Structures are given as structure tokens and as C-alpha cells.
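Q: Have a look at this one.
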Amino acid sequence: MPHSTPEQLALAALGEPLPDADAAHLAGCAQCSAEVAALRRPVDLLAVPELAGTATEVTPPPQVWTAIAAATGVSAAPPSSGAEVVPLRPRRSRTRWLTLAAAVLVGGVVGGAAVALTRDDDTGGAVVATAALDPLPAEDASGRAEVRDADGTRSLQVDLDAPSLPDGYYEVWLLQPDAIRMVPVGVVHRGDTVLPLPDGLDLGAYPVVDVSVEPMDGDPTHSGVSVARGSLQR
Amino acid sequence: MTAVSRPRPAAVPYVREVVREVVPVPAREPSDAEVARRFCAGDEQALAEAYERWAGQVHGLAVRAFGPGPDAEDVTQQTFVAAWTGRAGYSAAAGPLPAWLVGICRHKIADTWAKMARQRRSAEAAAADVRSRPDPTDTARVDDAVADRVLLLGELDRIGQPQRRIIELAFFADLTHTQIAARTGIPLGTVKSHIRRTLERLRDRLEVDGAALHP
Ligand SMILES: [Zn+2]
């Protein structure tokens, strides 16, 4: 039999079975075998499981997007955070459920360090993000929150317009869009309050500013009663 | 050593049960092709959407190569950053955006292998006890394979379509030439000749520029 065709030798290098006649020839022909061996080198190097395209999908942890946003200067957020309405369940029996739109509304949500400085003034640094705090259903609290950055130290300034509370107080939180995980930022009064933000807190992961009513019960967790919310925007 | 277990400060799991009502998404999601088009046009939201759709695929590759952790996360991060900064190099005619992202991810995996090989060499060079070093010929062989992979992935980038898609299906999807013809609609004879020419091209590249010693 004559030598196998170059096409057959290439398929052999990929590990495909050859027709019987080619297989028999290849077994006895040094020239064709050497050609297959040479063509197999790129196959052996690239056709490895580590590079195969059929891996199981794995959701990266949130800091990967934060790093991408920081490196590219992109302040949009992946849209998964949107379009979900999450009622917060009070931690104890209460007279009402608050159905709360934690939805990150359409539009760019601030992503960590990748925030454009929008303006600077002399009251505590540049404003790097703002949120309009809108009343939740049946509430009449509203306001505005600003994240300021003064030489790397961030603070949250909250301007709250809300009824005075006979007992209890207002507290501000930064929530993840699912409204399950949150960071307490501090007690806010009606009017302006400036609170420090934890160093290293990723605002891209906690983009929702939430104001709650807390009873004087010594329980440091969220009461489940929110009165105003808004998403941080650059 | 005393391990102190602390609660994660950011997690306040006060809500034991959460009832979710998923509200129907009002606007139809943009198609993959639309996301790709806006990605190329530099629309920042499209980068976020591309990440949302395809980061799992990219990160899956990275995790398989390195296991979960910082190396895999770096690869995924580098892939999207490189795709964004190099978006002018993407052409829809050359295939869907996720396939392009996966191709970049392979580069980043190979680059990371190369970086690890360099670090290992440095560590070995710094090792005080010469006898504790691994067999230098083994080390050299591994390093050569790592360098050759980077070389070949670079050569793959220079291969036009449909040749590139064909060889990627053979290498990375483990399809036979018959399956590739069925998948792509390209005639069997054409698939075979593209495979041959591409393998010869890659072999030639290795013989000219490869790091491994030639027999
Ligand atoms: Zn022969």
C-alpha cells in the first residue's frame, strides 16, 4: 500500500481511528509514523483537559467583578442584581410586612473603586456616589445619601426627611441587592448625619442604602422595618 | 497556633426565611449578539452583561485549571479586563463573544502556568540544599511544555476562520472530524484538509520556535 494521505495522518495525530488499511500501513511505516508523531506534538500540548471548553460553570466570587470594574474604570454592575422584589421578614412578629423593592434600578450602580469623582467640596471629600432615598410603600421618609471620599477615607452623608419617632431611632444600612446581607452603618437623625464607612467595604457589593426604624430593644440587628431606600449611583 | 473563628463582619444573617417574589423582567433581555455588539462599541453596561452571562463559563475553566482560589480568580479577572481593553480585536464574524472570551481565558491560563514555572525556577535557584531540588531535566521538560503552549495559543490566534473553529472543536471539544462537519455544516473533505493544514502549521511553529529540544 502507498503511504497514507496527509489528511489521514493528521486524523491519526488527533487520535481518531483510521480505516484498517491505513492503520496496518502506519504500523509498519517509519515515515508515516514519524509524521504522525510530529503532528501529535501540538495535539498533546493543547488538547489537554485544563484547556477544554467543557468545564462546569462556576460563579466567580464578587471580588472578581470588583477588580474588573476597578481595572477597567467601568461603573456598571452586572444586571443580576436587578428586578427582584424581596420582602424583608421581620425578625419577630410584627403587625406588617414591608414589601421592599431592593431592586437595583436600571442604570449604573457604583462598583467599588471604579468610581468617577464627580465633585469636590470642603465638607469631607469628593462625592463618589449618591442615592436618592425614596419612601417605601406607606412610609413618608425620604432623603438623599452621598458617599464621600477624603483621601481614601469614605463616609456616608445622609440627609433624612422623616417624621420624628416617639420611641426608637433611624438606622442606615448598606444592603446587598438581595436584601439578605447588609452592613450597619450607624444611627441617623433627621436632617444631616455623616457616618464613617468601613475601610475596604465594597460598595459594588452593597449598593443599596436602607433606612430602618429600630426600637430601643437592644437588638443590634435590622428590625425588618425599612422606611426609605435608594441605590447608589455614580 | 490558635485559630480564632470570627463571624464574617459583612454578613448579618438576621433573616432566617426570605420569601422571594421574582417580578417578571419588563424588557426582553438583549440577545447575545446585541450584547456583543454593544461590548465592541464600548458600552460599559455590555461589559457587565457579558460578565453576568459568561463569567461562569470562563471561571469554570480557570477553576478547573487551578482549583478555586486566587489564581483562578486572577485568570477570570484578567480575561475580562483583556477582553474589554482589546475589544477592538473582536470580530463577530469570527464567532460568538463567549467563544472569544474562552479563547482569551486559555491564554491567561497558559500565561499563569508560565508565571508559575518561572516562580518555581526562582524558588529552586534560591533553595540552599541542592540535593532537594527536583530532577532538573524533569523541570525543564515541564517548563518547555508550558512555553510551547503559550507559543501555540498565540499561533492559534493568527489562524483565520473557519480553520480556527475547526481545530478548536477538535482540540477543546474533543469532536471527531465527522462531528465537526456535522456541527459546522462544512463538508467533510474540507474539514479534513483544514485539520491537516492547521496541524502542519502548528507543528512547523513548534519546530521553528518551540522551547522543547528536538530529537
Ligand atoms: Zn507510510
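In the C-alpha cells, chains take the letters A, B, ... in the order shown, each chain's residues start at 1, and ligands count up from 1 in the order shown.
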As a VMD selection string, please: every residue in region 23-147 of chain B that a backbone DSSP assignment puts in alpha helix (DSSP H).
A: chain B and resid 32 to 40 44 to 66 70 to 85 97 to 126 136 to 147
Q: As a quick test: using only C-alpha atoms and all ligand atoms, which residues lie no more than 6 Å away from ligand 1? Give them as a PyMOL selection string.
A: chain A and resi 3-4+26+29+31-32
Q: With all heavy atoms kept, could you save the residues just selected as a compact mmCIF listing (two decimals), in the first residue's frame?
A:
# COMPACT_ATOMS: atom_id res chain seq x y z
N HIS A 3 1.86 5.25 0.91
CA HIS A 3 1.76 5.97 2.18
C HIS A 3 0.35 6.48 2.40
O HIS A 3 -0.38 6.77 1.44
CB HIS A 3 2.73 7.16 2.17
CG HIS A 3 4.16 6.74 2.23
ND1 HIS A 3 4.67 5.87 3.17
CD2 HIS A 3 5.21 7.06 1.44
CE1 HIS A 3 5.94 5.69 2.98
NE2 HIS A 3 6.31 6.40 1.91
N SER A 4 -0.02 6.63 3.64
CA SER A 4 -1.33 7.20 3.96
C SER A 4 -1.36 8.67 3.53
O SER A 4 -0.32 9.32 3.46
CB SER A 4 -1.60 7.12 5.47
OG SER A 4 -1.68 5.78 5.87
N LEU A 26 0.34 2.18 8.72
CA LEU A 26 1.01 3.05 9.69
C LEU A 26 1.86 2.22 10.66
O LEU A 26 2.98 2.62 11.02
CB LEU A 26 -0.06 3.83 10.47
CG LEU A 26 0.40 4.98 11.35
CD1 LEU A 26 1.21 5.99 10.55
CD2 LEU A 26 -0.82 5.65 11.98
N CYS A 29 5.19 1.52 8.83
CA CYS A 29 5.89 2.53 8.03
C CYS A 29 6.51 3.59 8.92
O CYS A 29 5.79 4.37 9.56
CB CYS A 29 4.94 3.17 7.02
SG CYS A 29 5.71 4.53 6.10
N GLN A 31 8.17 6.22 8.11
CA GLN A 31 8.00 7.60 7.63
C GLN A 31 6.64 8.16 8.06
O GLN A 31 6.55 9.28 8.57
CB GLN A 31 8.11 7.60 6.10
CG GLN A 31 8.11 9.00 5.48
CD GLN A 31 8.15 8.94 3.96
OE1 GLN A 31 8.71 7.99 3.38
NE2 GLN A 31 7.56 9.92 3.30
N CYS A 32 5.58 7.38 7.84
CA CYS A 32 4.26 7.85 8.24
C CYS A 32 4.17 7.97 9.76
O CYS A 32 3.56 8.91 10.28
CB CYS A 32 3.17 6.90 7.73
SG CYS A 32 2.88 7.04 5.95
Q: Could you give me, as a compact mmCIF listing (two decimals) with N, CA and C atoms, in the first residue's frame, the residues within 10 Å of Leu152 (chain B), counting only C-alpha atoms and dropping anything in the same chain fewer than 2 positions from it?
A:
# COMPACT_ATOMS: atom_id res chain seq x y z
N PRO A 42 1.65 19.21 18.78
CA PRO A 42 0.68 20.27 19.15
C PRO A 42 -0.60 19.73 19.77
N LEU A 45 0.03 19.07 23.38
CA LEU A 45 0.20 20.28 24.17
C LEU A 45 -1.11 21.01 24.42
N LEU A 46 -1.99 20.99 23.42
CA LEU A 46 -3.20 21.82 23.54
C LEU A 46 -4.46 21.03 23.90
N HIS B 107 -5.48 31.63 27.01
CA HIS B 107 -4.20 32.35 27.05
C HIS B 107 -3.80 32.67 28.47
N ALA B 147 5.92 26.74 27.98
CA ALA B 147 6.28 27.77 27.00
C ALA B 147 5.70 27.44 25.62
N ASP B 148 5.73 26.17 25.27
CA ASP B 148 5.20 25.79 23.96
C ASP B 148 3.69 25.99 23.87
N ARG B 149 3.01 25.81 24.99
CA ARG B 149 1.56 26.06 24.97
C ARG B 149 1.28 27.54 24.69
N VAL B 150 2.03 28.40 25.34
CA VAL B 150 1.84 29.84 25.11
C VAL B 150 2.10 30.14 23.63
N GLY B 154 -0.78 31.40 20.84
CA GLY B 154 -0.56 32.61 20.06
C GLY B 154 -0.70 32.33 18.57
N GLU B 155 -0.21 31.20 18.14
CA GLU B 155 -0.33 30.84 16.72
C GLU B 155 -1.80 30.59 16.36
N LEU B 156 -2.52 29.97 17.27
CA LEU B 156 -3.96 29.75 17.01
C LEU B 156 -4.67 31.07 16.73
N ASP B 157 -4.28 32.11 17.46
CA ASP B 157 -4.92 33.41 17.27
C ASP B 157 -4.74 33.93 15.85
N ARG B 158 -3.68 33.50 15.21
CA ARG B 158 -3.41 34.02 13.87
C ARG B 158 -4.07 33.21 12.77
N ARG B 201 0.81 23.47 10.33
CA ARG B 201 1.23 24.83 10.68
C ARG B 201 1.71 24.90 12.14
N LEU B 202 0.95 24.26 13.03
CA LEU B 202 1.34 24.28 14.44
C LEU B 202 2.63 23.50 14.66
N ARG B 203 2.76 22.37 13.98
CA ARG B 203 3.99 21.59 14.09
C ARG B 203 5.19 22.43 13.62
N ARG B 205 5.47 25.62 13.56
CA ARG B 205 5.75 26.69 14.53
C ARG B 205 6.57 26.15 15.70
N LEU B 206 6.22 24.96 16.16
CA LEU B 206 6.97 24.35 17.25
C LEU B 206 8.40 24.05 16.82
N ASP B 209 10.18 27.62 16.56
CA ASP B 209 10.29 28.47 17.74
C ASP B 209 10.06 27.75 19.06
N GLY B 210 9.80 26.45 19.01
CA GLY B 210 9.45 25.73 20.23
C GLY B 210 10.61 25.69 21.21
Q: I need the residue nearest chain B from this list: A:Pro184, A:Pro215, A:Gly124, A:Pro2. Use only C-alpha atoms for the distance.
A: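 Closest candidate: A:Pro184.
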Q: Env of Gln163 (chain B): 9 Å cut, atoms = only C-alpha atoms, seq-sep filter 4 positions within chain, self excluded. Answer as a list in words.
A: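 After dropping sequence-adjacent residues, the list is Ile159, Ile167, Glu168, Val191, His194, Ile195, Arg197 and Thr198 of chain B.
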